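**Student:** Dropping in coords_25.csv, with CSV, C-alpha atoms.
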```
chain,number,residue,atom,x,y,z
A,189,MET,CA,-19.0,16.8,4.5
A,190,SER,CA,-15.3,17.2,3.9
A,191,ILE,CA,-12.7,14.5,4.3
A,192,ALA,CA,-11.2,16.4,7.2
A,193,THR,CA,-14.4,16.1,9.2
A,194,GLN,CA,-14.9,12.4,8.5
A,195,VAL,CA,-11.7,11.1,10.1
A,196,LYS,CA,-9.7,12.4,13.0
A,197,LEU,CA,-6.4,11.3,14.5
A,198,LYS,CA,-4.5,12.3,17.6
A,199,PRO,CA,-1.9,15.0,16.8
A,200,GLY,CA,1.7,14.0,16.7
A,201,VAL,CA,3.8,11.5,14.6
A,202,VAL,CA,1.5,9.1,12.8
A,203,THR,CA,2.5,5.5,12.0
A,204,GLY,CA,1.0,2.3,10.9
A,205,LYS,CA,-2.7,2.4,10.2
A,206,ASP,CA,-2.9,6.0,11.2
A,207,TYR,CA,-0.4,6.9,8.5
A,208,GLN,CA,-2.4,5.0,6.0
A,209,THR,CA,-5.6,6.8,7.1
A,210,LEU,CA,-3.8,10.1,6.6
A,211,VAL,CA,-2.6,9.1,3.1
A,212,GLN,CA,-6.1,8.1,2.1
A,213,ALA,CA,-7.5,11.3,3.4
A,214,CYS,CA,-5.1,13.2,1.2
A,215,LYS,CA,-5.9,11.1,-1.9
A,216,LYS,CA,-9.7,11.3,-1.5
A,217,GLY,CA,-9.5,15.0,-0.6
A,218,GLN,CA,-7.2,15.6,-3.5
A,219,TYR,CA,-4.5,17.5,-1.6
A,220,ILE,CA,-0.8,16.9,-1.1
A,221,LEU,CA,1.3,17.2,2.0
A,222,PRO,CA,4.6,19.1,1.6
A,223,ALA,CA,7.6,17.0,2.6
A,224,VAL,CA,10.3,19.2,4.1
A,225,ASN,CA,13.9,18.2,4.6
A,226,VAL,CA,15.2,19.5,7.9
A,227,VAL,CA,18.7,19.8,9.3
A,228,GLY,CA,18.2,21.1,12.9
A,229,THR,CA,15.7,22.1,15.4
A,230,ASN,CA,15.3,25.5,13.7
A,231,SER,CA,14.0,24.0,10.5
A,232,ILE,CA,11.9,21.4,12.4
A,233,ASN,CA,10.2,24.0,14.6
A,234,ALA,CA,9.6,26.2,11.5
A,235,VAL,CA,7.8,23.4,9.8
A,236,LEU,CA,5.7,22.6,12.8
A,237,GLU,CA,4.8,26.2,13.3
A,238,ALA,CA,3.9,26.6,9.6
A,239,ALA,CA,1.7,23.5,9.7
A,240,ARG,CA,-0.1,24.7,12.8
A,241,LYS,CA,-0.6,28.1,11.3
A,242,ASN,CA,-2.0,26.7,8.1
A,243,LYS,CA,-4.1,24.0,9.9
A,244,SER,CA,-2.4,21.4,7.7
A,245,ASP,CA,-0.7,18.1,8.4
A,246,VAL,CA,2.9,17.8,7.1
A,247,ILE,CA,5.8,15.5,6.4
A,248,ILE,CA,9.2,16.0,8.0
A,249,GLN,CA,12.1,14.2,6.6
A,250,LEU,CA,15.9,13.9,6.8
A,251,SER,CA,18.5,13.0,4.2
A,252,ASN,CA,21.6,11.2,5.4
A,253,GLY,CA,23.5,14.5,5.2
A,254,GLY,CA,20.8,16.4,7.1
A,255,ALA,CA,20.9,13.7,9.8
A,256,GLU,CA,24.7,13.9,10.0
A,257,PHE,CA,24.5,17.7,10.4
A,258,PHE,CA,21.9,17.3,13.1
A,259,ALA,CA,24.3,15.3,15.1
A,260,GLY,CA,27.1,17.8,14.6
A,261,LYS,CA,29.6,18.1,11.8
A,262,GLY,CA,32.4,17.6,14.3
A,263,PHE,CA,31.0,14.2,15.4
A,264,PRO,CA,33.9,11.7,15.3
A,265,ASP,CA,32.2,8.9,13.3
A,266,SER,CA,30.4,10.0,10.1
A,267,PHE,CA,28.2,6.9,9.9
A,268,GLN,CA,27.1,7.0,13.5
A,269,ALA,CA,26.4,10.7,13.1
A,270,LYS,CA,24.0,9.9,10.3
A,271,VAL,CA,22.3,7.3,12.5
A,272,LEU,CA,22.2,9.2,15.8
A,273,GLY,CA,21.4,12.5,14.1
A,274,ALA,CA,18.3,10.9,12.6
A,275,VAL,CA,17.3,9.3,15.9
A,276,SER,CA,17.8,12.6,17.8
A,277,ALA,CA,15.8,14.5,15.3
A,278,ALA,CA,13.0,11.9,15.4
A,279,GLN,CA,12.9,12.2,19.2
A,280,HIS,CA,12.6,15.9,19.0
A,281,VAL,CA,9.7,15.6,16.5
A,282,HIS,CA,7.9,13.1,18.6
A,283,LEU,CA,8.2,15.3,21.7
A,284,MET,CA,7.1,18.5,20.0
A,285,ALA,CA,4.6,17.5,17.2
A,286,GLN,CA,1.8,16.5,19.5
A,287,HIS,CA,1.9,19.9,21.2
A,288,TYR,CA,1.7,21.8,17.9
A,289,GLY,CA,-1.6,20.0,17.3
A,290,VAL,CA,-1.0,18.6,13.8
A,291,CYS,CA,-0.3,15.1,12.4
A,292,VAL,CA,3.3,14.6,11.2
A,293,VAL,CA,4.7,11.9,8.9
A,294,LEU,CA,8.3,11.3,10.0
A,295,HIS,CA,10.4,10.1,7.1
A,296,THR,CA,14.0,9.7,5.8
A,297,ASP,CA,14.9,10.7,2.3
A,298,HIS,CA,17.0,9.2,-0.5
A,299,ALA,CA,19.1,6.2,0.5
A,300,ASN,CA,20.9,4.6,-2.3
A,301,LYS,CA,22.7,1.2,-2.3
A,302,LYS,CA,25.7,2.4,-0.2
A,303,LEU,CA,23.3,3.9,2.4
A,304,ILE,CA,21.4,0.7,3.0
A,305,PRO,CA,23.4,0.1,6.2
A,306,TRP,CA,22.1,3.5,7.4
A,307,VAL,CA,18.5,2.4,6.9
A,308,GLU,CA,19.2,-0.9,8.6
A,309,ALA,CA,20.7,0.9,11.6
A,310,MET,CA,17.7,3.2,11.9
A,311,LEU,CA,15.4,0.2,11.7
A,312,THR,CA,17.3,-1.3,14.6
A,313,HIS,CA,16.6,1.8,16.6
A,314,GLY,CA,13.0,1.7,15.4
A,315,GLU,CA,12.6,-1.9,16.6
A,316,THR,CA,13.9,-0.9,20.1
A,317,HIS,CA,11.5,2.0,20.2
A,318,TYR,CA,8.7,-0.3,19.1
A,319,GLN,CA,9.5,-2.7,21.9
A,320,GLN,CA,9.4,0.1,24.4
A,321,THR,CA,6.4,2.0,23.2
A,322,GLY,CA,4.4,-0.1,20.7
A,323,ARG,CA,5.2,2.3,17.9
A,324,PRO,CA,8.1,2.7,15.5
A,325,LEU,CA,10.4,5.7,15.7
A,326,PHE,CA,9.8,6.7,12.1
A,327,THR,CA,6.8,6.5,9.9
A,328,SER,CA,8.8,5.4,6.8
A,329,HIS,CA,12.2,5.2,5.2
A,330,MET,CA,13.0,5.8,1.6
A,331,LEU,CA,15.0,3.3,-0.5
A,332,ASP,CA,16.3,5.0,-3.7
A,333,LEU,CA,17.7,2.0,-5.7
A,334,SER,CA,16.7,3.4,-9.0
A,335,GLU,CA,20.3,3.2,-10.3
A,336,GLU,CA,20.3,-0.5,-9.9
A,337,SER,CA,18.5,-3.0,-12.1
A,338,LEU,CA,14.7,-3.3,-11.5
A,339,GLU,CA,15.1,-6.8,-10.2
A,340,GLU,CA,17.8,-5.8,-7.6
A,341,ASN,CA,15.8,-2.6,-6.7
A,342,LEU,CA,12.6,-4.5,-6.0
A,343,SER,CA,14.3,-7.5,-4.3
A,344,GLU,CA,16.1,-5.3,-1.8
A,345,CYS,CA,12.9,-3.2,-1.2
A,346,ALA,CA,11.0,-6.4,-0.5
A,347,ARG,CA,13.7,-7.6,2.0
A,348,LEU,CA,13.7,-4.3,3.9
A,349,LEU,CA,9.9,-3.9,3.8
A,350,LYS,CA,9.5,-7.2,5.6
A,351,ARG,CA,11.5,-5.8,8.5
A,352,ALA,CA,9.7,-2.4,8.4
A,353,ALA,CA,6.3,-3.9,8.2
A,354,ALA,CA,6.9,-6.0,11.3
A,355,ILE,CA,7.0,-2.7,13.3
A,356,ASP,CA,4.2,-1.0,11.5
A,357,MET,CA,6.4,1.0,9.2
A,358,SER,CA,6.2,1.8,5.5
A,359,ILE,CA,8.8,2.3,2.9
A,360,GLU,CA,9.1,4.6,-0.1
A,361,ILE,CA,10.7,3.3,-3.3
A,362,GLU,CA,11.9,5.0,-6.4
A,363,LEU,CA,11.3,3.8,-9.9
A,364,GLY,CA,13.1,5.8,-12.5
A,365,ILE,CA,15.7,8.5,-11.6
A,366,THR,CA,14.6,11.9,-10.5
A,367,GLY,CA,17.0,14.1,-12.4
A,368,GLY,CA,18.9,17.2,-11.5
A,369,GLU,CA,21.8,18.0,-9.3
A,370,GLU,CA,21.5,14.8,-7.2
A,371,ASP,CA,21.6,12.4,-10.0
A,372,GLY,CA,23.4,14.2,-12.8
A,373,ILE,CA,20.4,14.4,-15.1
A,374,GLY,CA,18.9,17.6,-16.3
A,375,SER,CA,19.6,17.6,-20.0
A,376,GLU,CA,18.3,14.3,-21.2
A,377,ASP,CA,16.4,14.1,-24.4
A,378,ASP,CA,12.6,14.5,-23.8
A,379,ASP,CA,11.8,10.9,-24.8
A,380,LEU,CA,8.7,9.4,-23.2
A,381,ASP,CA,10.4,6.0,-23.4
A,382,ASN,CA,13.5,7.2,-21.5
A,383,PRO,CA,13.4,5.0,-18.4
A,384,ASN,CA,15.6,7.5,-16.5
A,385,LEU,CA,13.2,10.5,-16.7
A,386,TYR,CA,10.0,8.6,-17.2
A,387,THR,CA,9.0,5.6,-15.1
A,388,GLN,CA,7.4,2.8,-17.1
A,389,PRO,CA,3.9,1.8,-15.8
A,390,GLN,CA,4.8,-1.9,-16.3
A,391,ASP,CA,7.6,-1.5,-13.7
A,392,VAL,CA,5.2,0.1,-11.3
A,393,LEU,CA,2.8,-2.9,-11.7
A,394,GLN,CA,5.7,-5.3,-11.0
A,395,ALA,CA,6.5,-3.4,-7.8
A,396,TYR,CA,2.8,-3.5,-6.7
A,397,GLU,CA,2.6,-7.2,-7.2
A,398,LEU,CA,5.7,-8.0,-5.3
A,399,LEU,CA,5.4,-5.6,-2.4
A,400,THR,CA,1.7,-5.3,-1.7
A,401,PRO,CA,1.5,-8.8,0.0
A,402,ILE,CA,4.4,-7.8,2.3
A,403,GLY,CA,3.4,-4.3,3.6
A,404,ASN,CA,2.6,-0.7,3.0
A,405,PHE,CA,4.7,1.3,0.5
A,406,SER,CA,4.7,4.4,-1.6
A,407,VAL,CA,6.2,5.0,-5.0
A,408,ALA,CA,8.3,7.9,-6.2
A,409,ALA,CA,7.7,7.6,-9.9
A,410,SER,CA,9.7,9.8,-12.3
A,411,PHE,CA,7.7,11.8,-14.7
A,412,GLY,CA,10.3,14.4,-15.8
A,413,ASN,CA,10.8,16.0,-12.4
A,414,VAL,CA,14.2,17.2,-11.3
A,415,HIS,CA,16.0,18.0,-8.1
A,416,GLY,CA,16.9,21.7,-7.7
A,417,VAL,CA,15.6,24.6,-9.7
A,418,TYR,CA,16.2,24.6,-13.5
A,419,ALA,CA,15.3,26.9,-16.4
A,420,PRO,CA,11.9,26.3,-17.9
A,421,GLY,CA,11.9,23.8,-20.7
A,422,ASN,CA,15.0,21.8,-19.5
A,423,VAL,CA,12.8,18.8,-19.0
A,424,LYS,CA,9.1,18.4,-19.5
A,425,LEU,CA,6.8,17.2,-16.7
A,426,ARG,CA,4.4,14.4,-17.8
A,427,PRO,CA,2.0,13.7,-15.0
A,428,GLU,CA,0.1,11.3,-17.3
A,429,ILE,CA,2.8,8.8,-16.5
A,430,LEU,CA,1.3,8.6,-13.0
A,431,LYS,CA,-2.2,8.3,-14.5
A,432,HIS,CA,-1.2,5.4,-16.7
A,433,SER,CA,0.5,3.6,-13.8
A,434,GLN,CA,-2.6,3.9,-11.7
A,435,GLU,CA,-4.8,2.7,-14.5
A,436,LEU,CA,-2.6,-0.3,-15.3
A,437,VAL,CA,-2.6,-1.5,-11.7
A,438,GLN,CA,-6.4,-0.9,-11.3
A,439,SER,CA,-7.3,-2.7,-14.5
A,440,THR,CA,-5.0,-5.6,-13.8
A,441,HIS,CA,-6.0,-6.2,-10.2
A,442,LYS,CA,-9.6,-4.8,-10.3
A,443,THR,CA,-8.8,-2.4,-7.5
A,444,GLU,CA,-10.5,0.9,-6.7
A,445,ALA,CA,-9.2,4.0,-8.5
A,446,ASN,CA,-5.7,5.2,-7.7
A,447,PRO,CA,-4.5,2.1,-5.8
A,448,LEU,CA,-0.9,3.4,-5.6
A,449,ASP,CA,0.3,5.9,-3.0
A,450,LEU,CA,2.4,8.2,-5.2
A,451,VAL,CA,5.2,10.8,-4.4
A,452,PHE,CA,6.3,13.8,-6.3
A,453,HIS,CA,10.0,14.4,-6.0
A,454,GLY,CA,11.8,17.6,-7.1
A,455,GLY,CA,8.9,19.8,-6.2
A,456,SER,CA,10.7,23.1,-5.9
A,457,GLY,CA,10.0,25.4,-8.9
A,458,SER,CA,7.4,23.1,-10.4
A,459,GLU,CA,4.6,24.5,-12.5
A,460,GLN,CA,1.4,25.0,-10.5
A,461,ALA,CA,-0.8,23.5,-13.3
A,462,LYS,CA,1.3,20.3,-13.3
A,463,ILE,CA,1.1,20.1,-9.5
A,464,GLU,CA,-2.7,20.4,-9.6
A,465,GLU,CA,-2.9,17.7,-12.3
A,466,THR,CA,-1.1,15.2,-10.0
A,467,LEU,CA,-3.8,15.7,-7.4
A,468,HIS,CA,-6.1,13.6,-9.6
A,469,TYR,CA,-3.6,10.7,-9.8
A,470,GLY,CA,-3.1,9.6,-6.2
A,471,VAL,CA,-0.1,11.8,-5.3
A,472,PHE,CA,-0.1,12.6,-1.5
A,473,LYS,CA,3.4,13.9,-0.9
A,474,MET,CA,5.7,16.4,-2.6
A,475,ASN,CA,9.3,17.1,-1.6
A,476,ILE,CA,10.2,20.7,-1.2
A,477,ASP,CA,13.8,21.4,-0.3
A,478,THR,CA,15.7,23.9,-2.5
A,479,ASP,CA,13.0,26.6,-2.3
A,480,LEU,CA,13.0,26.4,1.5
A,481,GLN,CA,16.8,26.5,1.8
A,482,PHE,CA,16.7,29.7,-0.1
A,483,ALA,CA,13.9,31.1,1.9
A,484,PHE,CA,15.8,30.4,5.1
A,485,ALA,CA,19.0,31.9,3.8
A,486,GLU,CA,17.4,34.9,2.1
A,487,GLY,CA,16.0,36.4,5.3
A,488,ILE,CA,19.3,36.0,7.2
A,489,GLY,CA,21.3,37.4,4.2
A,490,GLN,CA,19.2,40.5,4.0
A,491,TYR,CA,19.5,41.1,7.7
A,492,VAL,CA,23.3,40.7,7.7
A,493,MET,CA,23.6,43.1,4.8
A,494,SER,CA,21.4,45.6,6.6
A,495,ASN,CA,23.4,45.3,9.8
A,496,PRO,CA,27.0,44.8,8.6
A,497,LYS,CA,28.8,46.3,11.6
A,498,ALA,CA,27.0,43.9,14.0
A,499,PHE,CA,28.7,41.0,12.2
A,500,GLN,CA,32.1,42.7,12.3
A,501,HIS,CA,32.3,44.3,15.8
A,502,GLN,CA,30.8,43.5,19.2
A,503,ILE,CA,31.0,47.3,19.9
A,504,ASP,CA,30.9,49.9,17.2
A,505,PRO,CA,34.5,51.3,17.0
A,506,GLU,CA,33.2,54.8,16.3
A,507,THR,CA,30.1,55.2,18.5
A,508,ASN,CA,30.8,52.5,21.2
A,509,THR,CA,27.3,51.2,20.5
A,510,PRO,CA,27.0,47.5,21.6
A,511,TYR,CA,25.6,45.2,19.0
A,512,LYS,CA,24.7,42.2,21.2
A,513,LYS,CA,21.0,42.4,20.4
A,514,ALA,CA,21.8,42.5,16.7
A,515,TYR,CA,24.1,39.5,16.5
A,516,ASP,CA,22.3,37.3,19.0
A,517,PRO,CA,21.7,34.1,17.1
A,518,ARG,CA,18.1,34.1,18.3
A,519,LYS,CA,17.5,37.3,16.3
A,520,TRP,CA,18.8,36.1,12.9
A,521,LEU,CA,17.9,32.4,13.1
A,522,ARG,CA,14.4,33.5,13.8
A,523,LEU,CA,14.4,35.4,10.5
A,524,GLY,CA,15.4,32.2,8.8
A,525,GLU,CA,12.5,30.4,10.4
A,526,GLU,CA,10.1,33.1,9.3
A,527,GLY,CA,11.4,32.9,5.8
A,528,MET,CA,10.7,29.1,5.7
A,529,ILE,CA,7.3,29.7,7.2
A,530,ALA,CA,6.3,32.3,4.6
A,531,ARG,CA,7.4,29.9,1.8
A,532,LEU,CA,5.5,27.0,3.4
A,533,ASP,CA,2.4,29.2,3.5
A,534,GLU,CA,2.6,29.2,-0.3
A,535,ALA,CA,3.2,25.5,-0.4
A,536,PHE,CA,0.2,24.6,1.8
A,537,ARG,CA,-2.0,26.8,-0.3
A,538,ASP,CA,-0.6,25.5,-3.7
A,539,LEU,CA,-0.9,21.9,-2.6
A,540,LYS,CA,-4.5,22.4,-1.3
A,541,SER,CA,-3.7,21.1,2.2
A,542,ALA,CA,-4.3,24.3,4.1
A,543,GLY,CA,-7.2,23.9,6.5
A,544,LYS,CA,-7.4,20.2,6.1
A,545,SER,CA,-5.6,18.8,9.0
A,546,ILE,CA,-7.2,15.6,10.4
A,547,ALA,CA,-5.7,16.1,13.8
A,548,GLU,CA,-8.5,16.2,16.5
```
Starting from the file, give its structure as structure tokens.
**Tutor:**
Amino acid sequence: MSIATQVKLKPGVVTGKDYQTLVQACKKGQYILPAVNVVGTNSINAVLEAARKNKSDVIIQLSNGGAEFFAGKGFPDSFQAKVLGAVSAAQHVHLMAQHYGVCVVLHTDHANKKLIPWVEAMLTHGETHYQQTGRPLFTSHMLDLSEESLEENLSECARLLKRAAAIDMSIEIELGITGGEEDGIGSEDDDLDNPNLYTQPQDVLQAYELLTPIGNFSVAASFGNVHGVYAPGNVKLRPEILKHSQELVQSTHKTEANPLDLVFHGGSGSEQAKIEETLHYGVFKMNIDTDLQFAFAEGIGQYVMSNPKAFQHQIDPETNTPYKKAYDPRKWLRLGEEGMIARLDEAFRDLKSAGKSIAE
């Protein structure tokens, strides 16, 4: 009997124990959920449509920039835009996800030290939502304090996890820096002891021992992965880092295999063999952003190049042909959605999650 037939959850946003049930289903079934950064209802709806099409559960997440864009770039207060955009997006996902018939993890992405107030403001909204509904607004928030000392990183994570756990929320932490465009890494020497590119298992053990008594958390451990898409050979993925971290926690605390809930950042452009190797090491989530941005843009770009006059004239100056049907945003935005969906078809297949939704 498959994992998917052993447990069933109601479709919609999953939080608390239901979220943990979904994570365990992924780990035991050895499949990964794609985590997709969204910036508007077009991208949210495309993710939900693709998940339903592929009978897979999915993770929808917002960066602070994506949340600000969701609120509108003209919003007068940048900080409030980041907060209210995230809240607005969350409300849209809550409303729509249950009707698409899949389970959705609702998450926020990288928040470094200067963005802690953003996380705290979203937690305040989450507490209000919890008081009103008995459920938090988000499933989890990410704290990316990997640029700080390990002690400061874990101390701040512990402080915020106490608040999150009180409303059945989880957090995601980062140990070691995921390289690439976002962090200025991408040409480091390939040194297994490099704490920037390769998380040290002892650090993961320390996080486990401090945070486990407080609440549920996942770990984005760095094993050579980078944000963006880079030429092959720029850095080397070493999934064995994840294996060693799991084994150290297991042997130290006599747990079951793969006690940690692990996250794979920088998934765009990754080698399929390396992705499949992580399936054995307790990875349940892989971030995919760059590839999907391109997939959305590519379809629209091809359409614009194929219909240039429609984006220069409302009516053809030579033939008097009206172009309203061609430049209608519903026409070309839908092509962007379809591009995302096609790329997500690949992701669900590559990550082995297609056909494994545990939504009843």
**Student:** What's the 7 Å shell around region 342-359 of chain A, counting only C-alpha atoms, without same-chain residues fewer than 2 positions away, as a list in words?
**Tutor:**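 The neighbour list is Thr203, Gly204, Glu315, Tyr318, Pro324, Thr327, Ser328, His329, Met330, Leu331, Leu338, Glu339, Glu340, Ile361, Ala395, Leu399, Ile402, Gly403, Asn404, Phe405 and Ser406 of chain A.
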**Student:** Nearest residue to Leu450 (chain A) out of A:Ala239, A:Ala409, A:Ala309, A:Ala285, using all atoms listed in the file?
**Tutor:**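 Among A:Ala239, A:Ala409, A:Ala309, A:Ala285, it is A:Ala409 that comes nearest to Leu450 (chain A).
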**Student:** Can you work out which one of A:Asp538, A:Glu526, A:Asp479, A:Glu397 has the shortest atom-to-atom distance to Glu237 (chain A), counting all atoms listed in the file?
**Tutor:**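 The answer is A:Glu526, which sits nearest to Glu237 (chain A).
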**Student:** Just the number, please: distance in Å from CA of Gly200 (chain A) to CA of Val290 (chain A), one decimal.
**Tutor:** 6.1 Å
**Student:** What separation in Å, quoted to one decimal, exists between CA of Thr312 (chain A) and CA of Leu448 (chain A)?
**Tutor:**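 Atom-to-atom, CA of Thr312 (chain A) to CA of Leu448 (chain A), that is 27.6 Å.
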**Student:** For a quick check of understanding, using only C-alpha atoms, which of A:Gln218, A:Gln388, A:Gln208, A:Ser494 has the smallest distance to Thr466 (chain A)?
**Tutor:**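 Selected residue with least distance to Thr466 (chain A): A:Gln218.
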**Student:** Have a look at CA of Val437 (chain A) and CA of Tyr396 (chain A) and let me know their distance in Å, one decimal.
**Tutor:**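 Taking CA of Val437 (chain A) and CA of Tyr396 (chain A), their separation equals 7.6 Å.
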**Student:** Mind listing whatever residues come within 12 Å of the point (-7.1, 24.9, -3.6)? Use only C-alpha atoms, file coordinates, and give them as a list in words.
**Tutor:**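 With a cut-off of 12 Å, the residues come to Gly217, Gln218, Tyr219, Ile220, Gln460, Ala461, Ile463, Glu464, Leu467, Glu534, Ala535, Phe536, Arg537, Asp538, Leu539, Lys540, Ser541, Ala542, Gly543 and Lys544 of chain A.
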**Student:** So, with only C-alpha atoms as the atoms that count, which of A:Leu523, A:Ile248, A:Ala278, A:Val271 lies closest to Asp297 (chain A)?
**Tutor:**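 For Asp297 (chain A), the nearest of the given residues is A:Ile248.
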**Student:** Find, counting only C-alpha atoms, the residue in A:Gln320, A:Asn475, A:Ser337, A:Gln500 that gets nearest to Leu250 (chain A).
**Tutor:**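 The answer is A:Asn475, which sits nearest to Leu250 (chain A).
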**Student:** Could you check which of A:Cys214, A:Leu480, A:Ala530, A:Val201 is closest to Gln279 (chain A), using all atoms listed in the file?
**Tutor:**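 Among A:Cys214, A:Leu480, A:Ala530, A:Val201, it is A:Val201 that comes nearest to Gln279 (chain A).
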**Student:** Can you tell me which residues surround Pro447 (chain A) at a distance of at most 8 Å, considering all atoms listed in the file, apart from same-chain residues fewer than 6 positions away, and format the answer as a compact mmCIF listing (two decimals) with C-alpha atoms, keeping the file's coordinate frame?
**Tutor:**
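What ended up in selection.txt:
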```txt
# COMPACT_ATOMS: atom_id res chain seq x y z
CA GLN A 434 -2.60 3.90 -11.70
CA VAL A 437 -2.60 -1.50 -11.70
CA GLN A 438 -6.40 -0.90 -11.30
CA GLY A 470 -3.10 9.60 -6.20
```
**Student:** So that I can see what lies close to region 229-236 of chain A, please list as JSON, numbers by chain the residues with an atom at most 9 Å from it, counting only C-alpha atoms and leaving out residues fewer than 2 positions away in the same chain.
**Tutor:** {"A": [224, 225, 226, 227, 238, 239, 240, 241, 245, 246, 247, 248, 258, 277, 280, 281, 284, 285, 288, 289, 290, 292, 484, 521, 522, 524, 525, 526, 527, 528, 529, 532]}
**Student:** Dump C-alpha atoms for the selected residues as a PDB file, keeping the file's coordinate frame?
**Tutor:**
```
ATOM      1  CA  VAL A 224      10.300  19.200   4.100  1.00  0.00           C
ATOM      2  CA  ASN A 225      13.900  18.200   4.600  1.00  0.00           C
ATOM      3  CA  VAL A 226      15.200  19.500   7.900  1.00  0.00           C
ATOM      4  CA  VAL A 227      18.700  19.800   9.300  1.00  0.00           C
ATOM      5  CA  ALA A 238       3.900  26.600   9.600  1.00  0.00           C
ATOM      6  CA  ALA A 239       1.700  23.500   9.700  1.00  0.00           C
ATOM      7  CA  ARG A 240      -0.100  24.700  12.800  1.00  0.00           C
ATOM      8  CA  LYS A 241      -0.600  28.100  11.300  1.00  0.00           C
ATOM      9  CA  ASP A 245      -0.700  18.100   8.400  1.00  0.00           C
ATOM     10  CA  VAL A 246       2.900  17.800   7.100  1.00  0.00           C
ATOM     11  CA  ILE A 247       5.800  15.500   6.400  1.00  0.00           C
ATOM     12  CA  ILE A 248       9.200  16.000   8.000  1.00  0.00           C
ATOM     13  CA  PHE A 258      21.900  17.300  13.100  1.00  0.00           C
ATOM     14  CA  ALA A 277      15.800  14.500  15.300  1.00  0.00           C
ATOM     15  CA  HIS A 280      12.600  15.900  19.000  1.00  0.00           C
ATOM     16  CA  VAL A 281       9.700  15.600  16.500  1.00  0.00           C
ATOM     17  CA  MET A 284       7.100  18.500  20.000  1.00  0.00           C
ATOM     18  CA  ALA A 285       4.600  17.500  17.200  1.00  0.00           C
ATOM     19  CA  TYR A 288       1.700  21.800  17.900  1.00  0.00           C
ATOM     20  CA  GLY A 289      -1.600  20.000  17.300  1.00  0.00           C
ATOM     21  CA  VAL A 290      -1.000  18.600  13.800  1.00  0.00           C
ATOM     22  CA  VAL A 292       3.300  14.600  11.200  1.00  0.00           C
ATOM     23  CA  PHE A 484      15.800  30.400   5.100  1.00  0.00           C
ATOM     24  CA  LEU A 521      17.900  32.400  13.100  1.00  0.00           C
ATOM     25  CA  ARG A 522      14.400  33.500  13.800  1.00  0.00           C
ATOM     26  CA  GLY A 524      15.400  32.200   8.800  1.00  0.00           C
ATOM     27  CA  GLU A 525      12.500  30.400  10.400  1.00  0.00           C
ATOM     28  CA  GLU A 526      10.100  33.100   9.300  1.00  0.00           C
ATOM     29  CA  GLY A 527      11.400  32.900   5.800  1.00  0.00           C
ATOM     30  CA  MET A 528      10.700  29.100   5.700  1.00  0.00           C
ATOM     31  CA  ILE A 529       7.300  29.700   7.200  1.00  0.00           C
ATOM     32  CA  LEU A 532       5.500  27.000   3.400  1.00  0.00           C
TER      33      LEU A 532
END
```
